[in-house]
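Structure data (mmCIF, C-alpha atoms) from coords-v8.cif:
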data_my_file
loop_
_atom_site.label_atom_id
_atom_site.label_comp_id
_atom_site.auth_asym_id
_atom_site.auth_seq_id
_atom_site.Cartn_x
_atom_site.Cartn_y
_atom_site.Cartn_z
CA MET A 1159 45.17 61.44 -74.09
CA VAL A 1160 44.63 65.12 -74.85
CA ALA A 1161 46.84 66.12 -71.93
CA VAL A 1162 49.62 63.83 -73.15
CA LEU A 1163 49.37 65.28 -76.67
CA LEU A 1164 49.55 68.85 -75.38
CA ARG A 1165 52.51 67.95 -73.19
CA LEU A 1166 54.26 66.34 -76.15
CA ILE A 1167 53.73 69.42 -78.32
CA TYR A 1168 55.12 71.63 -75.56
CA LEU A 1169 58.21 69.48 -75.15
CA GLY A 1170 58.77 69.32 -78.91
CA LEU A 1171 58.61 73.11 -79.26
CA SER A 1172 60.96 73.53 -76.31
CA GLN A 1173 63.52 71.21 -77.92
CA LEU A 1174 63.13 73.00 -81.25
CA PHE A 1175 63.85 76.40 -79.77
CA ALA A 1176 66.78 74.95 -77.81
CA TRP A 1177 68.24 73.51 -81.03
CA ILE A 1178 67.84 76.84 -82.82
CA ARG A 1179 69.65 78.51 -79.96
CA LEU A 1180 72.56 76.08 -80.27
CA LEU A 1181 73.10 76.96 -83.94
CA VAL A 1182 74.54 80.37 -83.09
CA ARG A 1183 76.98 79.09 -80.46
CA ASP A 1184 80.55 77.94 -81.05
CA SER A 1185 81.86 74.42 -80.36
CA ALA A 1186 83.85 75.36 -77.22
CA ASP A 1187 80.77 76.68 -75.41
CA LYS A 1188 78.81 73.59 -76.40
CA ASP A 1189 81.50 71.24 -75.11
CA VAL A 1190 81.68 73.08 -71.76
CA GLU A 1191 77.87 72.98 -71.40
CA ILE A 1192 77.80 69.27 -72.22
CA LEU A 1193 80.39 68.52 -69.53
CA VAL A 1194 78.45 70.60 -66.97
CA LEU A 1195 75.18 68.90 -67.81
CA ARG A 1196 76.76 65.45 -67.61
CA HIS A 1197 78.16 66.22 -64.20
CA GLN A 1198 74.78 67.54 -62.99
CA LEU A 1199 73.12 64.39 -64.31
CA ALA A 1200 75.63 62.21 -62.45
CA VAL A 1201 74.94 64.13 -59.22
CA LEU A 1202 71.18 63.76 -59.65
CA GLN A 1203 71.46 60.04 -60.44
CA ARG A 1204 73.23 59.50 -57.11
CA GLN A 1205 70.35 61.21 -55.27
CA VAL A 1206 67.30 59.93 -57.14
CA VAL A 1207 66.52 56.26 -56.63
CA ARG A 1208 64.22 55.95 -59.62
CA ALA A 1209 63.11 58.48 -62.18
CA ARG A 1210 59.44 58.58 -63.17
CA PRO A 1211 59.05 60.03 -66.67
CA THR A 1212 55.59 60.80 -67.97
CA GLN A 1213 54.09 59.32 -71.13
CA ALA A 1214 55.00 62.45 -73.09
CA ASP A 1215 58.60 62.23 -71.84
CA ARG A 1216 58.83 58.61 -72.97
CA VAL A 1217 57.52 59.41 -76.45
CA LEU A 1218 59.92 62.34 -76.89
CA LEU A 1219 62.97 60.41 -75.68
CA ALA A 1220 62.11 57.42 -77.84
CA ALA A 1221 61.73 59.68 -80.89
CA LEU A 1222 65.02 61.55 -80.29
CA LEU A 1223 67.11 58.45 -79.54
CA GLN A 1224 65.74 56.18 -82.26
CA ARG A 1225 68.91 56.52 -84.39
CA THR A 1226 71.33 56.28 -81.47
CA SER A 1227 73.23 53.03 -80.92
CA ARG A 1228 73.30 51.10 -77.67
CA GLY A 1229 76.93 51.94 -77.01
CA ARG A 1230 76.39 55.60 -77.61
CA MET A 1231 73.46 55.59 -75.15
CA GLN A 1232 75.67 54.14 -72.46
CA GLN A 1233 78.21 56.93 -73.01
CA MET A 1234 75.50 59.57 -72.69
CA HIS A 1235 74.89 58.68 -69.01
CA LEU A 1236 71.09 58.49 -69.38
CA PHE A 1237 68.95 58.00 -66.28
CA ILE A 1238 67.34 55.05 -68.06
CA SER A 1239 68.89 51.98 -69.62
CA PRO A 1240 69.26 51.60 -73.41
CA ASP A 1241 66.92 48.59 -73.32
CA THR A 1242 64.20 50.77 -71.80
CA VAL A 1243 64.55 53.37 -74.54
CA LEU A 1244 64.39 50.70 -77.24
CA ARG A 1245 61.32 49.18 -75.60
CA TRP A 1246 59.62 52.59 -75.56
CA HIS A 1247 60.43 52.97 -79.25
CA ARG A 1248 58.98 49.55 -80.07
CA ASP A 1249 55.80 50.39 -78.15
CA LEU A 1250 55.53 53.68 -80.05
CA LEU A 1251 55.81 51.89 -83.42
CA ARG A 1252 53.40 49.15 -82.36
CA ARG A 1253 50.71 51.65 -81.36
CA ARG A 1254 51.21 53.56 -84.59
CA TRP A 1255 50.78 50.54 -86.86
CA ALA A 1256 47.98 49.10 -84.70
CA ALA A 1257 45.98 52.32 -85.13
CA LYS A 1258 46.47 52.19 -88.91
CA SER A 1259 45.52 48.52 -89.20
CA ARG A 1260 42.41 48.80 -87.06
CA PRO A 1261 39.30 48.79 -89.31
CA LYS A 1262 37.27 51.96 -89.26
CA ARG A 1263 33.75 51.21 -88.11
CA PRO A 1264 31.05 53.86 -88.07
CA GLY A 1265 29.78 52.80 -84.64
CA ARG A 1266 26.30 53.32 -83.21
CA PRO A 1267 24.56 56.43 -84.51
CA PRO A 1268 23.67 59.04 -81.87
CA THR A 1269 20.17 59.05 -80.42
CA ARG A 1270 17.92 61.72 -81.85
CA ALA A 1271 17.10 64.62 -79.56
CA LEU A 1272 13.38 64.05 -80.13
CA ILE A 1273 13.60 60.47 -78.84
CA ARG A 1274 15.70 61.55 -75.86
CA ASP A 1275 13.21 64.26 -74.89
CA LEU A 1276 10.32 61.81 -75.27
CA VAL A 1277 12.01 59.25 -73.01
CA LEU A 1278 12.59 61.88 -70.32
CA ARG A 1279 9.00 63.10 -70.65
CA LEU A 1280 7.60 59.59 -70.17
CA ALA A 1281 9.85 59.04 -67.16
CA ARG A 1282 8.80 62.28 -65.48
CA ASP A 1283 5.10 61.88 -66.22
CA ASN A 1284 5.01 58.29 -64.95
CA GLY A 1285 7.07 57.86 -61.83
CA ASP A 1286 6.48 54.10 -61.57
CA TRP A 1287 7.70 53.26 -65.08
CA GLY A 1288 11.05 51.59 -65.57
CA TYR A 1289 13.15 51.66 -68.71
CA ARG A 1290 11.48 48.47 -70.00
CA ARG A 1291 8.02 49.99 -69.64
CA ILE A 1292 9.16 53.17 -71.38
CA HIS A 1293 10.71 51.08 -74.17
CA GLY A 1294 7.39 49.29 -74.65
CA GLU A 1295 5.53 52.58 -74.83
CA LEU A 1296 7.95 53.84 -77.47
CA ALA A 1297 7.44 50.65 -79.47
CA GLY A 1298 3.69 51.23 -79.33
CA LEU A 1299 4.28 54.69 -80.78
CA GLY A 1300 6.23 53.21 -83.67
CA ILE A 1301 9.64 54.36 -82.40
CA LYS A 1302 12.30 51.68 -82.72
CA VAL A 1303 14.97 52.03 -80.06
CA ALA A 1304 16.92 49.51 -77.97
CA PRO A 1305 16.07 49.08 -74.26
CA SER A 1306 19.72 49.73 -73.43
CA THR A 1307 19.45 53.11 -75.14
CA VAL A 1308 16.51 54.05 -72.91
CA TRP A 1309 18.53 52.88 -69.91
CA GLU A 1310 21.50 55.06 -70.91
CA ILE A 1311 19.32 58.13 -71.46
CA LEU A 1312 17.72 57.85 -68.03
CA LYS A 1313 21.01 57.15 -66.31
CA ARG A 1314 22.73 60.09 -68.02
CA HIS A 1315 20.05 62.52 -66.80
CA GLY A 1316 20.06 61.32 -63.20
CA ILE A 1317 16.87 59.24 -63.36
CA LYS A 1318 16.97 55.72 -62.01
CA PRO A 1319 16.22 53.30 -64.86
CA ALA A 1320 14.75 50.62 -62.60
CA PRO A 1321 11.10 51.07 -61.56
CA CYS A 1322 12.00 51.98 -57.99
CA ARG A 1323 10.23 55.33 -58.28
CA THR A 1324 6.98 53.75 -57.11
CA GLY A 1325 4.67 55.37 -54.63
CA GLN A 1326 2.66 58.47 -55.37
CA THR A 1327 3.78 61.54 -53.53
CA TRP A 1328 1.37 63.65 -51.52
CA ALA A 1329 1.83 66.60 -53.89
CA ALA A 1330 1.07 64.42 -56.92
CA PHE A 1331 -2.04 63.09 -55.20
CA LEU A 1332 -3.30 66.60 -54.45
CA ARG A 1333 -2.74 67.71 -58.05
CA GLY A 1334 -4.40 64.63 -59.52
CA GLN A 1335 -7.44 64.71 -57.25
CA ALA A 1336 -7.83 68.47 -56.83
CA ARG A 1337 -11.41 68.55 -58.16
CA ALA A 1338 -12.50 66.02 -55.57
CA ILE A 1339 -10.70 67.37 -52.49
CA LEU A 1340 -12.10 69.55 -49.74
CA ALA A 1341 -9.83 70.81 -46.96
CA CYS A 1342 -10.99 72.06 -43.56
CA ASP A 1343 -9.37 73.56 -40.51
CA PHE A 1344 -9.91 75.61 -37.36
CA PHE A 1345 -8.20 78.90 -36.61
CA THR A 1346 -8.65 81.38 -33.78
CA ALA A 1347 -9.34 85.10 -33.46
CA ARG A 1348 -9.26 87.28 -30.36
CA THR A 1349 -11.75 89.97 -29.40
CA LEU A 1350 -11.07 93.28 -27.67
CA THR A 1351 -11.92 91.68 -24.34
CA GLY A 1352 -9.33 88.93 -24.86
CA ALA A 1353 -11.84 86.17 -25.55
CA THR A 1354 -10.82 83.50 -28.05
CA LEU A 1355 -13.20 82.63 -30.87
CA HIS A 1356 -12.75 79.55 -33.06
CA VAL A 1357 -13.50 79.77 -36.77
CA PHE A 1358 -14.27 76.66 -38.85
CA ALA A 1359 -13.71 77.03 -42.61
CA VAL A 1360 -13.28 74.80 -45.66
CA ILE A 1361 -11.82 75.35 -49.12
CA GLU A 1362 -12.16 73.49 -52.42
CA HIS A 1363 -8.79 72.63 -53.94
CA ALA A 1364 -9.85 72.94 -57.58
CA THR A 1365 -11.90 76.15 -57.51
CA ARG A 1366 -10.36 77.71 -54.36
CA ARG A 1367 -13.86 78.53 -53.18
CA VAL A 1368 -14.00 79.19 -49.44
CA ARG A 1369 -16.86 78.54 -47.04
CA VAL A 1370 -16.76 79.92 -43.51
CA LEU A 1371 -18.97 77.41 -41.71
CA GLY A 1372 -19.22 78.95 -38.28
CA VAL A 1373 -17.74 80.87 -35.35
CA THR A 1374 -17.95 79.67 -31.75
CA ALA A 1375 -16.25 80.16 -28.43
CA ASP A 1376 -16.54 76.45 -27.55
CA PRO A 1377 -16.01 74.12 -30.53
CA THR A 1378 -17.53 70.94 -29.12
CA ALA A 1379 -17.73 67.69 -31.03
CA GLY A 1380 -21.50 68.06 -31.50
CA TRP A 1381 -21.12 71.55 -32.94
CA THR A 1382 -18.44 70.36 -35.37
CA VAL A 1383 -20.61 67.44 -36.51
CA GLN A 1384 -23.49 69.79 -37.20
CA GLN A 1385 -21.24 72.04 -39.28
CA ALA A 1386 -20.20 68.97 -41.28
CA ARG A 1387 -23.84 68.16 -42.04
CA ASN A 1388 -24.46 71.75 -43.12
CA LEU A 1389 -21.39 71.58 -45.35
CA LEU A 1390 -22.58 68.43 -47.10
CA MET A 1391 -25.96 70.01 -47.87
CA ASP A 1392 -24.26 73.10 -49.25
CA VAL A 1393 -21.86 71.05 -51.39
CA GLN A 1394 -24.66 68.91 -52.77
CA ASP A 1395 -26.69 71.99 -53.66
CA ALA A 1396 -23.67 73.41 -55.49
CA GLY A 1397 -23.25 70.17 -57.44
CA ALA A 1398 -19.64 69.58 -56.38
CA ALA A 1399 -18.36 65.97 -56.44
CA ILE A 1400 -16.27 65.58 -53.31
CA LYS A 1401 -14.39 62.33 -52.68
CA TYR A 1402 -11.79 63.36 -50.08
CA VAL A 1403 -11.76 65.64 -47.04
CA ILE A 1404 -8.42 66.67 -45.55
CA ARG A 1405 -8.25 67.53 -41.86
CA ASP A 1406 -5.66 67.58 -39.12
CA ARG A 1407 -5.64 65.47 -35.96
CA ASP A 1408 -7.32 67.99 -33.68
CA SER A 1409 -9.39 66.41 -30.92
CA THR A 1410 -12.43 68.37 -32.10
CA PHE A 1411 -12.63 66.11 -35.16
CA THR A 1412 -14.10 62.97 -33.63
CA GLU A 1413 -15.21 59.69 -35.18
CA ARG A 1414 -18.74 61.08 -35.51
CA PHE A 1415 -17.33 63.85 -37.70
CA ASP A 1416 -15.72 61.28 -39.99
CA GLU A 1417 -18.87 59.16 -40.06
CA VAL A 1418 -20.87 62.06 -41.50
CA PHE A 1419 -18.65 62.05 -44.60
CA ALA A 1420 -18.26 58.27 -44.71
CA ALA A 1421 -22.04 57.92 -45.00
CA GLU A 1422 -21.83 59.90 -48.27
CA GLY A 1423 -18.91 57.86 -49.61
CA ILE A 1424 -16.35 60.55 -48.84
CA ARG A 1425 -12.99 59.46 -47.46
CA VAL A 1426 -11.41 61.51 -44.66
CA LEU A 1427 -7.61 61.96 -44.93
CA LYS A 1428 -5.72 62.94 -41.81
CA SER A 1429 -2.58 65.05 -42.15
CA ALA A 1430 0.54 64.07 -40.25
CA VAL A 1431 1.45 65.57 -36.91
CA CYS A 1432 3.21 68.96 -37.23
CA ALA A 1433 2.98 68.84 -41.02
CA PRO A 1434 1.09 71.97 -42.13
CA ARG A 1435 2.27 71.51 -45.72
CA MET A 1436 -0.02 68.49 -46.05
CA ASN A 1437 -2.90 70.94 -45.76
CA SER A 1438 -1.03 73.82 -47.37
CA ILE A 1439 -3.91 75.31 -49.40
CA MET A 1440 -6.08 75.68 -46.31
CA GLU A 1441 -3.17 77.02 -44.27
CA ARG A 1442 -2.41 79.53 -47.03
CA TRP A 1443 -5.98 80.80 -46.92
CA VAL A 1444 -5.83 81.20 -43.13
CA LYS A 1445 -2.68 83.28 -43.57
CA SER A 1446 -4.39 85.45 -46.20
CA CYS A 1447 -7.40 85.91 -43.95
CA ARG A 1448 -5.22 87.05 -41.08
CA ALA A 1449 -3.04 89.36 -43.18
CA GLU A 1450 -5.89 90.96 -45.14
CA LEU A 1451 -8.63 91.06 -42.49
CA LEU A 1452 -8.02 89.95 -38.91
CA ASP A 1453 -4.69 91.75 -38.41
CA ARG A 1454 -6.36 94.97 -39.60
CA THR A 1455 -9.64 94.67 -37.71
CA LEU A 1456 -10.61 95.13 -34.04
CA VAL A 1457 -13.10 92.33 -33.34
CA TRP A 1458 -15.80 93.28 -30.83
CA ASN A 1459 -17.58 89.96 -30.40
CA GLY A 1460 -18.72 86.85 -32.23
CA ALA A 1461 -21.40 88.62 -34.25
CA HIS A 1462 -18.91 91.20 -35.46
CA LEU A 1463 -16.45 88.46 -36.45
CA ARG A 1464 -19.13 86.53 -38.33
CA HIS A 1465 -20.09 89.66 -40.25
CA ALA A 1466 -16.44 90.47 -41.12
CA LEU A 1467 -15.72 86.89 -42.22
CA GLY A 1468 -18.88 86.87 -44.32
CA GLU A 1469 -17.73 90.00 -46.13
CA TYR A 1470 -14.26 88.53 -46.62
CA GLU A 1471 -15.70 85.23 -47.89
CA GLN A 1472 -17.71 87.03 -50.54
CA PHE A 1473 -14.72 89.22 -51.43
CA TYR A 1474 -12.42 86.19 -51.67
CA ASN A 1475 -14.79 84.11 -53.81
CA GLU A 1476 -16.07 86.80 -56.16
CA HIS A 1477 -13.32 89.37 -56.55
CA ARG A 1478 -9.89 88.49 -55.18
CA PRO A 1479 -7.55 87.23 -57.97
CA HIS A 1480 -5.75 83.89 -57.60
CA ARG A 1481 -2.50 82.88 -59.24
CA SER A 1482 -3.60 79.24 -59.47
CA LEU A 1483 -6.68 80.36 -61.42
CA HIS A 1484 -4.70 82.67 -63.75
CA ALA A 1485 -5.76 85.81 -61.85
CA ALA A 1486 -9.45 84.89 -61.87
CA ALA A 1487 -11.73 84.72 -58.83
CA PRO A 1488 -13.19 81.33 -57.76
CA LEU A 1489 -16.78 82.28 -58.65
CA LYS A 1490 -16.13 84.98 -61.25
CA PRO A 1491 -14.29 84.39 -64.54
CA LEU A 1492 -12.03 86.99 -66.07
CA PRO A 1493 -13.75 89.50 -68.40
CA ILE A 1494 -13.11 89.29 -72.13
CA LEU A 1495 -10.31 91.67 -72.99
CA THR A 1496 -10.98 94.16 -75.72
CA ALA A 1497 -8.75 94.03 -78.80
CA ASP A 1498 -9.46 97.59 -79.88
CA ALA A 1499 -6.94 100.05 -78.50
CA SER A 1500 -9.46 102.89 -78.78
CA ASP A 1501 -11.70 101.17 -76.21
CA LEU A 1502 -8.98 101.50 -73.58
CA ASP A 1503 -9.38 105.27 -73.62
CA ARG A 1504 -13.03 104.95 -72.59
CA ILE A 1505 -12.46 102.66 -69.61
CA ARG A 1506 -13.63 104.10 -66.29
CA VAL A 1507 -12.83 102.31 -63.05
CA CYS A 1508 -14.67 102.72 -59.77
CA ARG A 1509 -13.82 101.50 -56.28
CA ARG A 1510 -16.05 99.78 -53.73
CA ASP A 1511 -14.99 99.67 -50.10
CA ARG A 1512 -15.87 96.80 -47.79
CA LEU A 1513 -15.62 96.88 -44.01
CA GLY A 1514 -14.79 100.57 -43.96
CA GLY A 1515 -12.04 100.35 -46.60
CA ILE A 1516 -10.19 97.33 -45.28
CA LEU A 1517 -11.16 95.45 -48.44
CA ARG A 1518 -11.29 97.29 -51.76
CA GLU A 1519 -12.83 96.14 -55.02
CA TYR A 1520 -12.28 97.76 -58.40
CA SER A 1521 -14.57 97.39 -61.40
CA GLN A 1522 -15.37 99.11 -64.68
CA VAL A 1523 -18.22 101.59 -64.86
CA ALA A 1524 -20.96 100.29 -67.13
#
Would you put the structure from the file into structure tokens?
Amino acid sequence: MVAVLLRLIYLGLSQLFAWIRLLVRDSADKDVEILVLRHQLAVLQRQVVRARPTQADRVLLAALLQRTSRGRMQQMHLFISPDTVLRWHRDLLRRRWAAKSRPKRPGRPPTRALIRDLVLRLARDNGDWGYRRIHGELAGLGIKVAPSTVWEILKRHGIKPAPCRTGQTWAAFLRGQARAILACDFFTARTLTGATLHVFAVIEHATRRVRVLGVTADPTAGWTVQQARNLLMDVQDAGAAIKYVIRDRDSTFTERFDEVFAAEGIRVLKSAVCAPRMNSIMERWVKSCRAELLDRTLVWNGAHLRHALGEYEQFYNEHRPHRSLHAAAPLKPLPILTADASDLDRIRVCRRDRLGGILREYSQVA
């Protein structure tokens, strides 16, 4: 409708300027131009089977020819019949009077932005809620809104109104159960002689605390089961409530390994094949360990590797900042920041080197 209105305004202005231009011309020039235009129109009518005027063209022609008689229209050699022009004019008048006679109703008031934001928040926080469930929750909060309004809000923002968003995603499960999840994995390190050593480590999802359980050249099933028993004793002494253990499908993790945790009521979750993101926190720690320690250290033997990993475990748990913990260490909270600007001038920082400077810790001098 807007395009038609703009087109009509353009055509009206064009005709107005053309009429102003004709005022300064004499009658002879006008008669010659009329004859030329009539002849051109006759030529075009022989070539064009049917003209297709737009809605704006129809409105303009009907408005200009409203006072012209039928006989005069036939003499003007129009590309449309006089009956068509009169029908366009009748349609124009009918739409005009129909718009004036139509009662003005205020319509439905717009939905408040607060209600819209609340509907979207409930939908995003609860993936298995449909628009009916969200409407019920709003009613419980004392917010009166129609179910169809909730449906429209969800549909407009690309959220399916029906409760087909069921099924908890793996990421949502990890976030919701972080305090009860322990992840474990093996990774390898090579010595100067080319021997391969296997390292078994675990990490707590909530606190990001790491435990390097052991290093061996032959990770048998019995050795892995013993490390699991040692882990459970360590976790119980620390007072952590573990409900889930995430591991991959390596053959070293046997049924006996799972039975050790099942006896304590802990459920073992196996990650999918070739899906490292299902154990992403553990994989991220392995990458950090390689980048910050193993790729910068020449490992002599198993004893040297155990010593280096022990130093890195203590450094990681007690000093290294973590983005998920707001720059705090897993076992060491952030110090209380001073509010006095004068105290900043008295701060003295010292450095402590670990493993010959591979790891560096900074702290304030007491």
Could you jot down the CA of Ile1301 (chain A) to CA of Asp1283 (chain A) separation for me, Å, one decimal place? 18.4 Å
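Separating CA of Ile1292 (chain A) from CA of Pro1268 (chain A) is a distance of 18.8 Å.
The space between CA of Glu1362 (chain A) and CA of Leu1340 (chain A) spans 4.8 Å.
Nearest residue to Leu1164 (chain A) among A:Ala1214, A:Leu1451, A:Ala1271, A:Ile1404 is A:Ala1214, counting all atoms listed in the file.
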Proximity to Leu1463 (chain A) - best of A:Arg1348, A:Ala1421, A:Leu1332, A:Cys1432, all atoms listed in the file: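 Smallest separation from Leu1463 (chain A) among the options: A:Arg1348.
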Neighbours of Val1368 (chain A) within 7 Å (only C-alpha atoms; same-chain residues fewer than 5 positions away dropped), as a list in words?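 The filter keeps Val1360, Ile1361, Glu1362, Glu1471 and Asn1475 of chain A.
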Closest to Gln1472 (chain A) among A:Glu1519, A:Glu1310, A:Glu1441, A:Glu1417, using all atoms listed in the file? A:Glu1519
Can you list what the PyMOL selection byres ((chain A and resi 1279) around 12) grabs from this structure, as a ChimeraX atom specification? /A:1272-1278,1280-1285,1287,1292,1295-1296,1308,1311-1312,1315,1317
Residue among A:Trp1381, A:Tyr1474, A:Phe1175, A:Phe1344 lying closest to Phe1415 (chain A), counting only C-alpha atoms: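 With only C-alpha atoms as the atom set, the closest residue is A:Trp1381.
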Evaluate the PyMOL selection byres ((chain A and resi 1374) around 7) on the structure here and hand back the selected residues as a list in words.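 In the shown coordinates, the PyMOL selection byres ((chain A and resi 1374) around 7) covers Leu1355, His1356, Val1357, Gly1372, Val1373, Ala1375, Asp1376 and Pro1377 of chain A.
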To verify the selection step, state as a list of chain:residue names which residues the PyMOL selection byres ((chain A and resi 1511-1518) around 9) yields on this input.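 Applied to this file, the PyMOL selection byres ((chain A and resi 1511-1518) around 9) selects A:Glu1450, A:Leu1451, A:Arg1454, A:Thr1455, A:Ala1466, A:Glu1469, A:Tyr1470, A:Phe1473, A:Arg1509, A:Arg1510, A:Glu1519, A:Tyr1520.
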